[in-house]
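As stored in start26.cif (mmCIF, C-alpha atoms):
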```cif
data_upload
loop_
_atom_site.label_atom_id
_atom_site.label_comp_id
_atom_site.auth_asym_id
_atom_site.auth_seq_id
_atom_site.Cartn_x
_atom_site.Cartn_y
_atom_site.Cartn_z
CA MET A 1 0.00 0.00 0.00
CA ARG A 2 1.18 3.53 -0.73
CA VAL A 3 1.44 5.86 2.26
CA LEU A 4 2.16 9.57 2.57
CA LEU A 5 4.19 10.58 5.64
CA ALA A 6 4.35 14.28 6.54
CA GLU A 7 6.66 14.86 9.52
CA ASP A 8 9.00 17.84 9.91
CA GLU A 9 11.41 16.17 12.37
CA GLU A 10 13.97 14.82 9.91
CA ASP A 11 15.33 11.99 12.06
CA LEU A 12 11.85 10.75 13.00
CA ASN A 13 10.70 11.07 9.39
CA ARG A 14 13.63 8.98 8.20
CA ILE A 15 13.12 6.32 10.89
CA ILE A 16 9.38 5.98 10.25
CA THR A 17 9.94 5.83 6.49
CA LYS A 18 12.55 3.09 6.87
CA LYS A 19 10.28 1.10 9.20
CA LEU A 20 7.28 1.35 6.87
CA ILE A 21 9.32 0.31 3.84
CA SER A 22 10.64 -2.70 5.78
CA GLN A 23 7.01 -3.70 6.37
CA GLY A 24 6.18 -3.62 2.64
CA TYR A 25 4.71 -0.13 2.31
CA SER A 26 5.58 2.27 -0.49
CA VAL A 27 6.27 5.63 1.17
CA ASP A 28 6.39 9.22 -0.02
CA SER A 29 7.79 11.38 2.77
CA CYS A 30 7.73 15.16 3.10
CA TYR A 31 8.63 17.73 5.75
CA ASP A 32 6.00 20.45 5.59
CA GLY A 33 2.29 20.90 5.00
CA GLU A 34 2.57 22.49 1.56
CA GLU A 35 4.57 19.52 0.29
CA ALA A 36 1.91 17.22 1.73
CA ILE A 37 -0.88 19.09 -0.05
CA ASP A 38 1.04 18.94 -3.34
CA SER A 39 1.55 15.17 -2.96
CA LEU A 40 -2.11 14.60 -2.11
CA SER A 41 -3.12 16.43 -5.28
CA LEU A 42 -1.06 14.01 -7.38
CA VAL A 43 -1.66 10.60 -5.77
CA ASP A 44 -4.59 8.68 -4.28
CA TYR A 45 -2.87 7.29 -1.19
CA ASP A 46 -4.09 4.30 0.79
CA ALA A 47 -3.27 6.06 4.07
CA VAL A 48 -1.77 9.33 5.33
CA ILE A 49 0.32 9.92 8.47
CA LEU A 50 0.34 13.61 9.41
CA ASP A 51 2.27 15.49 12.05
CA ILE A 52 0.06 18.28 13.38
CA MET A 53 2.71 20.93 14.01
CA MET A 54 4.44 21.44 10.64
CA PRO A 55 5.82 24.52 8.86
CA LYS A 56 3.99 26.25 5.98
CA ALA A 57 0.71 24.41 6.72
CA ASP A 58 -0.21 22.44 9.82
CA GLY A 59 -1.81 19.00 9.87
CA PHE A 60 -5.30 20.41 10.33
CA THR A 61 -4.91 22.53 7.18
CA VAL A 62 -3.66 19.54 5.20
CA LEU A 63 -6.56 17.42 6.42
CA ARG A 64 -9.12 20.11 5.55
CA HIS A 65 -7.65 20.24 2.04
CA LEU A 66 -7.87 16.45 1.70
CA ARG A 67 -11.44 16.21 2.95
CA GLY A 68 -12.39 19.23 0.83
CA THR A 69 -11.57 17.20 -2.29
CA GLY A 70 -14.06 14.56 -1.18
CA LYS A 71 -11.42 11.91 -0.47
CA THR A 72 -12.00 9.54 2.44
CA THR A 73 -8.36 8.40 2.66
CA PRO A 74 -7.67 7.23 6.25
CA VAL A 75 -5.53 9.72 8.19
CA LEU A 76 -3.49 9.17 11.34
CA PHE A 77 -2.37 12.26 13.26
CA LEU A 78 1.00 12.29 15.02
CA THR A 79 1.46 14.91 17.75
CA ALA A 80 3.27 15.72 20.96
CA ARG A 81 0.04 17.14 22.40
CA ASP A 82 -1.67 14.62 24.66
CA ALA A 83 -4.50 16.64 26.19
CA VAL A 84 -7.99 15.18 25.71
CA ALA A 85 -9.13 18.41 24.02
CA ASP A 86 -6.34 18.06 21.45
CA ARG A 87 -7.26 14.46 20.68
CA VAL A 88 -10.93 15.39 20.37
CA LYS A 89 -10.08 18.26 17.99
CA GLY A 90 -7.97 15.95 15.85
CA LEU A 91 -10.66 13.29 15.54
CA ASP A 92 -13.49 15.79 15.05
CA SER A 93 -11.54 17.48 12.26
CA GLY A 94 -11.77 14.29 10.19
CA ALA A 95 -8.78 12.21 11.27
CA ASN A 96 -9.32 8.48 11.70
CA ASP A 97 -6.81 8.01 14.49
CA TYR A 98 -4.45 9.94 16.74
CA LEU A 99 -1.07 8.84 18.13
CA VAL A 100 0.87 10.79 20.75
CA LYS A 101 4.67 11.11 20.61
CA PRO A 102 6.74 9.34 21.76
CA PHE A 103 5.15 6.13 20.48
CA SER A 104 6.16 2.56 19.72
CA PHE A 105 6.52 1.66 16.07
CA GLU A 106 4.61 -1.56 16.73
CA GLU A 107 1.61 0.52 17.82
CA LEU A 108 1.95 2.80 14.80
CA LEU A 109 1.95 -0.22 12.48
CA ALA A 110 -1.02 -1.78 14.28
CA ARG A 111 -3.04 1.44 14.04
CA LEU A 112 -2.14 1.74 10.36
CA ARG A 113 -3.33 -1.82 9.71
CA ALA A 114 -6.55 -1.11 11.61
CA MET A 115 -7.25 1.98 9.50
CA MET A 116 -6.60 0.02 6.31
CA ARG A 117 -8.95 -2.78 7.41
CA THR A 118 -11.72 -0.27 7.99
CA SER A 119 -11.00 1.45 4.67
CA PHE A 120 -11.24 -1.83 2.75
CA GLY A 121 -14.10 -3.25 4.84
CA ILE A 122 -12.01 -6.15 6.17
CA ALA A 123 -12.68 -7.66 9.59
CA ASP A 124 -9.19 -8.89 10.51
CA ASN A 125 -5.56 -9.03 9.41
CA VAL A 126 -5.92 -12.17 7.26
CA LEU A 127 -6.74 -11.73 3.58
CA VAL A 128 -8.12 -14.77 1.75
CA VAL A 129 -8.62 -15.63 -1.93
CA ALA A 130 -9.38 -19.31 -2.57
CA ASP A 131 -6.58 -21.20 -0.77
CA LEU A 132 -4.27 -18.17 -0.80
CA THR A 133 -3.93 -16.41 2.56
CA MET A 134 -1.96 -13.39 3.71
CA ASP A 135 -1.54 -12.48 7.38
CA THR A 136 -0.72 -8.76 7.18
CA ALA A 137 0.32 -8.60 10.84
CA ALA A 138 2.72 -11.55 10.74
CA HIS A 139 3.68 -10.98 7.08
CA VAL A 140 3.06 -14.62 6.25
CA VAL A 141 1.72 -15.73 2.86
CA LYS A 142 0.50 -19.29 2.25
CA ARG A 143 -1.01 -21.25 -0.62
CA GLY A 144 -2.82 -24.04 1.18
CA GLU A 145 -0.40 -25.17 3.88
CA THR A 146 2.70 -24.11 1.95
CA GLU A 147 4.37 -20.88 3.07
CA ILE A 148 5.54 -18.67 0.21
CA SER A 149 8.58 -16.43 0.47
CA LEU A 150 8.16 -13.04 -1.21
CA SER A 151 10.38 -10.00 -1.61
CA ALA A 152 9.14 -6.76 -0.05
CA LYS A 153 7.87 -5.45 -3.39
CA GLU A 154 6.25 -8.78 -4.33
CA TYR A 155 4.48 -8.80 -0.97
CA GLU A 156 3.29 -5.23 -1.45
CA LEU A 157 1.95 -6.01 -4.92
CA LEU A 158 0.15 -9.15 -3.74
CA GLU A 159 -1.39 -7.29 -0.80
CA TYR A 160 -2.73 -4.63 -3.16
CA LEU A 161 -4.19 -7.27 -5.47
CA MET A 162 -5.78 -9.11 -2.52
CA HIS A 163 -7.29 -5.95 -1.10
CA ASN A 164 -8.86 -5.40 -4.53
CA GLN A 165 -9.73 -9.01 -5.35
CA GLY A 166 -12.15 -9.28 -8.26
CA ILE A 167 -11.33 -5.75 -9.43
CA VAL A 168 -9.38 -5.24 -12.65
CA LEU A 169 -6.42 -2.95 -11.94
CA SER A 170 -4.64 -1.15 -14.76
CA ARG A 171 -0.86 -1.18 -14.97
CA GLU A 172 -0.87 2.56 -14.31
CA LYS A 173 -2.96 2.22 -11.15
CA ILE A 174 -0.78 -0.59 -9.84
CA GLU A 175 2.40 1.38 -10.52
CA ASP A 176 0.97 4.49 -8.83
CA HIS A 177 0.16 2.51 -5.68
CA ILE A 178 3.24 0.33 -5.41
CA TRP A 179 6.10 2.57 -6.56
CA ASN A 180 6.73 6.02 -5.07
CA PHE A 181 8.07 9.22 -6.63
CA ASP A 182 11.69 8.06 -6.26
CA TYR A 183 11.27 5.10 -8.61
CA GLU A 184 13.43 5.34 -11.75
CA GLY A 185 13.08 1.82 -13.19
CA GLY A 186 11.73 0.53 -16.47
CA THR A 187 8.27 1.06 -17.89
CA ASN A 188 7.44 -2.67 -17.75
CA VAL A 189 8.05 -2.98 -14.00
CA VAL A 190 4.45 -4.04 -13.29
CA ASP A 191 4.58 -6.85 -15.86
CA VAL A 192 7.92 -8.03 -14.44
CA TYR A 193 6.64 -8.25 -10.87
CA ILE A 194 3.36 -9.85 -11.93
CA SER A 195 5.50 -12.51 -13.62
CA TYR A 196 7.50 -13.02 -10.41
CA LEU A 197 4.28 -13.38 -8.40
CA ARG A 198 2.71 -15.82 -10.83
CA LYS A 199 5.69 -18.16 -10.56
CA LYS A 200 5.42 -18.18 -6.76
CA ILE A 201 1.64 -18.01 -6.30
CA ASP A 202 0.23 -19.82 -9.34
CA GLY A 203 3.05 -22.17 -10.27
CA GLY A 204 1.53 -25.68 -10.56
CA ARG A 205 -1.73 -24.58 -8.91
CA GLU A 206 -5.12 -23.14 -9.83
CA LYS A 207 -4.53 -19.81 -11.55
CA LEU A 208 -5.46 -16.81 -9.40
CA ILE A 209 -3.69 -13.92 -11.14
CA HIS A 210 -5.36 -13.18 -14.47
CA THR A 211 -4.56 -10.83 -17.34
CA VAL A 212 -7.46 -8.85 -18.76
CA ARG A 213 -6.25 -7.90 -22.22
CA GLY A 214 -6.07 -4.16 -22.75
CA LYS A 215 -7.11 -3.40 -19.16
CA GLY A 216 -4.66 -4.88 -16.65
CA TYR A 217 -4.63 -7.59 -13.99
CA VAL A 218 -7.08 -9.08 -11.54
CA LEU A 219 -6.80 -11.54 -8.64
CA ARG A 220 -9.80 -13.90 -8.46
CA GLU A 221 -10.63 -17.56 -7.94
CA ALA A 222 -11.58 -18.45 -11.51
CA GLU A 223 -11.16 -16.70 -14.81
CA ASN A 224 -14.41 -15.47 -16.30
CA SER A 225 -15.42 -17.20 -19.49
#
```

Show this structure as structure tokens.
Amino acid sequence: MRVLLAEDEEDLNRIITKKLISQGYSVDSCYDGEEAIDSLSLVDYDAVILDIMMPKADGFTVLRHLRGTGKTTPVLFLTARDAVADRVKGLDSGANDYLVKPFSFEELLARLRAMMRTSFGIADNVLVVADLTMDTAAHVVKRGETEISLSAKEYELLEYLMHNQGIVLSREKIEDHIWNFDYEGGTNVVDVYISYLRKKIDGGREKLIHTVRGKGYVLREAENS
């Protein structure tokens, strides 16, 4: 999933970004509110992590801009303010969750997963398509009883496909969600990683990853006739 992180403390920004990437997220990070607004105008993120006190535009301003566009992207506020009134203001302004600094990264990741579950209408951390399962908390993928080892980018791509099972995703939409602004690879990167996934997920088993000619890819139990 693609996440926007807006945090003006450079060390904390770098640490959070590194942690999220290690967990399979694609991250665009910025250091002020204006940068965040610019990024939100270009990309439909799966989640946003916003520091409240930022230069140029604070978190509340960024959130008002996001909600003003009609987007329901889940937003987690980060702040050093721990008064009840501050938490109430954050949630009433349209944020989905609120985390007070200092915090544990395990809690940040858990809250992010919870927001994503709500956003996708999923009850728990286990995604299921036929006999393919993904535990997003433990980062374990299985086909039947066989555990499948995936690279970070393969895992991220599979998670996106599983969250959108039955929905045809264009190459452009997949690339926008899985690769951030820093990516400088080839134009066929989506096809390459779909090929990697097929070998690991579908090899010798019922086909789950399907090509829809001229439109993109879809993950589903059986190919439509």

Once the PyMOL selection byres ((chain A and resi 118) around 12) has been evaluated on this model, what residues remain selected, and can you format them as an MDAnalysis selection string? chainID A and resid 46:47 72:75 96:97 111:117 119:125 163

Give the centre and edge lengths of an axis-aligned box, in Å to one decimal, that holds all listed atoms of region 201-213 of chain A with 6 Å on each side, as JSON.
```
{"center_x": -2.2, "center_y": -16.8, "center_z": -14.3, "size_x": 22.5, "size_y": 29.8, "size_z": 27.9}
```

Using the chain letters and numbers from this file, what does the PyMOL selection byres ((chain A and resi 34) around 8) select? Give the answer as number ranges by chain. A: 32-33, 35-38, 56-57, 62

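Closest approach to Glu175 (chain A) among A:Ala95, A:Val43, A:Val88, A:Leu4 is made by A:Val43 (distances from only C-alpha atoms).
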
So which residues get picked by the PyMOL selection byres ((chain A and resi 134) around 10) here, written as a ChimeraX atom specification? /A:125-129,132-133,135-143,147-148,155,158-159,162

Smallest atom-to-atom distance to Tyr217 (chain A): which of A:Val100, A:Val168, A:Leu40, A:Val190, using all atoms listed in the file?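 Residue with the minimum atom-to-atom distance to Tyr217 (chain A): A:Val168.
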
Kindly give the distance, in Å, that separates CA of Arg14 (chain A) and CA of Ser151 (chain A), rounded to a single decimal. 21.6 Å

Supply region 143-169 of chain A as a JSON list (two decimals), in the coordinates of the input, with N, CA, C and O atoms built in where the input has gaps.
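Writing done, so here's selection-v1.json:
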```json
[["chain", "number", "residue", "atom", "x", "y", "z"],
["A", 143, "ARG", "N", -0.10, -20.66, 0.37],
["A", 143, "ARG", "CA", -1.01, -21.25, -0.62],
["A", 143, "ARG", "C", -1.31, -22.65, -0.09],
["A", 143, "ARG", "O", -0.44, -23.52, -0.10],
["A", 144, "GLY", "N", -2.52, -22.82, 0.45],
["A", 144, "GLY", "CA", -2.82, -24.04, 1.18],
["A", 144, "GLY", "C", -2.02, -24.04, 2.46],
["A", 144, "GLY", "O", -2.05, -23.08, 3.23],
["A", 145, "GLU", "N", -1.25, -25.09, 2.69],
["A", 145, "GLU", "CA", -0.40, -25.17, 3.88],
["A", 145, "GLU", "C", 1.04, -24.80, 3.59],
["A", 145, "GLU", "O", 1.90, -24.84, 4.48],
["A", 146, "THR", "N", 1.32, -24.41, 2.34],
["A", 146, "THR", "CA", 2.70, -24.11, 1.95],
["A", 146, "THR", "C", 2.98, -22.62, 2.09],
["A", 146, "THR", "O", 2.31, -21.78, 1.48],
["A", 147, "GLU", "N", 3.99, -22.28, 2.91],
["A", 147, "GLU", "CA", 4.37, -20.88, 3.07],
["A", 147, "GLU", "C", 5.18, -20.43, 1.86],
["A", 147, "GLU", "O", 6.03, -21.16, 1.35],
["A", 148, "ILE", "N", 4.90, -19.22, 1.41],
["A", 148, "ILE", "CA", 5.54, -18.67, 0.21],
["A", 148, "ILE", "C", 6.40, -17.48, 0.60],
["A", 148, "ILE", "O", 5.93, -16.54, 1.25],
["A", 149, "SER", "N", 7.65, -17.52, 0.19],
["A", 149, "SER", "CA", 8.58, -16.43, 0.47],
["A", 149, "SER", "C", 8.51, -15.39, -0.64],
["A", 149, "SER", "O", 8.67, -15.71, -1.82],
["A", 150, "LEU", "N", 8.27, -14.13, -0.25],
["A", 150, "LEU", "CA", 8.16, -13.04, -1.21],
["A", 150, "LEU", "C", 9.13, -11.92, -0.85],
["A", 150, "LEU", "O", 9.41, -11.69, 0.33],
["A", 151, "SER", "N", 9.62, -11.22, -1.87],
["A", 151, "SER", "CA", 10.38, -10.00, -1.61],
["A", 151, "SER", "C", 9.43, -8.93, -1.10],
["A", 151, "SER", "O", 8.20, -9.07, -1.19],
["A", 152, "ALA", "N", 9.97, -7.83, -0.58],
["A", 152, "ALA", "CA", 9.14, -6.76, -0.05],
["A", 152, "ALA", "C", 8.20, -6.20, -1.12],
["A", 152, "ALA", "O", 7.01, -5.97, -0.86],
["A", 153, "LYS", "N", 8.70, -6.02, -2.33],
["A", 153, "LYS", "CA", 7.87, -5.45, -3.39],
["A", 153, "LYS", "C", 6.85, -6.47, -3.89],
["A", 153, "LYS", "O", 5.71, -6.10, -4.21],
["A", 154, "GLU", "N", 7.22, -7.74, -3.96],
["A", 154, "GLU", "CA", 6.25, -8.78, -4.33],
["A", 154, "GLU", "C", 5.13, -8.85, -3.31],
["A", 154, "GLU", "O", 3.95, -8.97, -3.67],
["A", 155, "TYR", "N", 5.48, -8.77, -2.04],
["A", 155, "TYR", "CA", 4.48, -8.80, -0.97],
["A", 155, "TYR", "C", 3.53, -7.60, -1.10],
["A", 155, "TYR", "O", 2.30, -7.75, -1.01],
["A", 156, "GLU", "N", 4.10, -6.45, -1.33],
["A", 156, "GLU", "CA", 3.29, -5.23, -1.45],
["A", 156, "GLU", "C", 2.31, -5.33, -2.63],
["A", 156, "GLU", "O", 1.14, -4.96, -2.52],
["A", 157, "LEU", "N", 2.80, -5.85, -3.75],
["A", 157, "LEU", "CA", 1.95, -6.01, -4.92],
["A", 157, "LEU", "C", 0.84, -7.01, -4.65],
["A", 157, "LEU", "O", -0.34, -6.77, -4.99],
["A", 158, "LEU", "N", 1.17, -8.14, -4.03],
["A", 158, "LEU", "CA", 0.15, -9.15, -3.74],
["A", 158, "LEU", "C", -0.88, -8.61, -2.77],
["A", 158, "LEU", "O", -2.09, -8.85, -2.93],
["A", 159, "GLU", "N", -0.44, -7.86, -1.76],
["A", 159, "GLU", "CA", -1.39, -7.29, -0.80],
["A", 159, "GLU", "C", -2.37, -6.35, -1.50],
["A", 159, "GLU", "O", -3.57, -6.37, -1.24],
["A", 160, "TYR", "N", -1.86, -5.54, -2.42],
["A", 160, "TYR", "CA", -2.73, -4.63, -3.16],
["A", 160, "TYR", "C", -3.74, -5.39, -4.01],
["A", 160, "TYR", "O", -4.92, -5.04, -4.05],
["A", 161, "LEU", "N", -3.28, -6.45, -4.67],
["A", 161, "LEU", "CA", -4.19, -7.27, -5.47],
["A", 161, "LEU", "C", -5.25, -7.94, -4.59],
["A", 161, "LEU", "O", -6.43, -8.02, -4.96],
["A", 162, "MET", "N", -4.84, -8.42, -3.41],
["A", 162, "MET", "CA", -5.78, -9.11, -2.52],
["A", 162, "MET", "C", -6.79, -8.15, -1.90],
["A", 162, "MET", "O", -7.96, -8.50, -1.72],
["A", 163, "HIS", "N", -6.36, -6.95, -1.60],
["A", 163, "HIS", "CA", -7.29, -5.95, -1.10],
["A", 163, "HIS", "C", -8.34, -5.60, -2.15],
["A", 163, "HIS", "O", -9.44, -5.18, -1.82],
["A", 164, "ASN", "N", -7.96, -5.75, -3.42],
["A", 164, "ASN", "CA", -8.86, -5.40, -4.53],
["A", 164, "ASN", "C", -9.27, -6.63, -5.32],
["A", 164, "ASN", "O", -9.49, -6.55, -6.54],
["A", 165, "GLN", "N", -9.40, -7.77, -4.65],
["A", 165, "GLN", "CA", -9.73, -9.01, -5.35],
["A", 165, "GLN", "C", -11.03, -8.85, -6.14],
["A", 165, "GLN", "O", -12.00, -8.25, -5.69],
["A", 166, "GLY", "N", -10.99, -9.38, -7.38],
["A", 166, "GLY", "CA", -12.15, -9.28, -8.26],
["A", 166, "GLY", "C", -12.23, -7.99, -9.04],
["A", 166, "GLY", "O", -13.09, -7.84, -9.92],
["A", 167, "ILE", "N", -11.34, -7.05, -8.75],
["A", 167, "ILE", "CA", -11.33, -5.75, -9.43],
["A", 167, "ILE", "C", -10.16, -5.71, -10.41],
["A", 167, "ILE", "O", -9.02, -6.00, -10.04],
["A", 168, "VAL", "N", -10.44, -5.35, -11.65],
["A", 168, "VAL", "CA", -9.38, -5.24, -12.65],
["A", 168, "VAL", "C", -8.60, -3.95, -12.40],
["A", 168, "VAL", "O", -9.18, -2.86, -12.36],
["A", 169, "LEU", "N", -7.29, -4.09, -12.21],
["A", 169, "LEU", "CA", -6.42, -2.95, -11.94],
["A", 169, "LEU", "C", -5.51, -2.70, -13.14],
["A", 169, "LEU", "O", -4.81, -3.61, -13.59]]
```
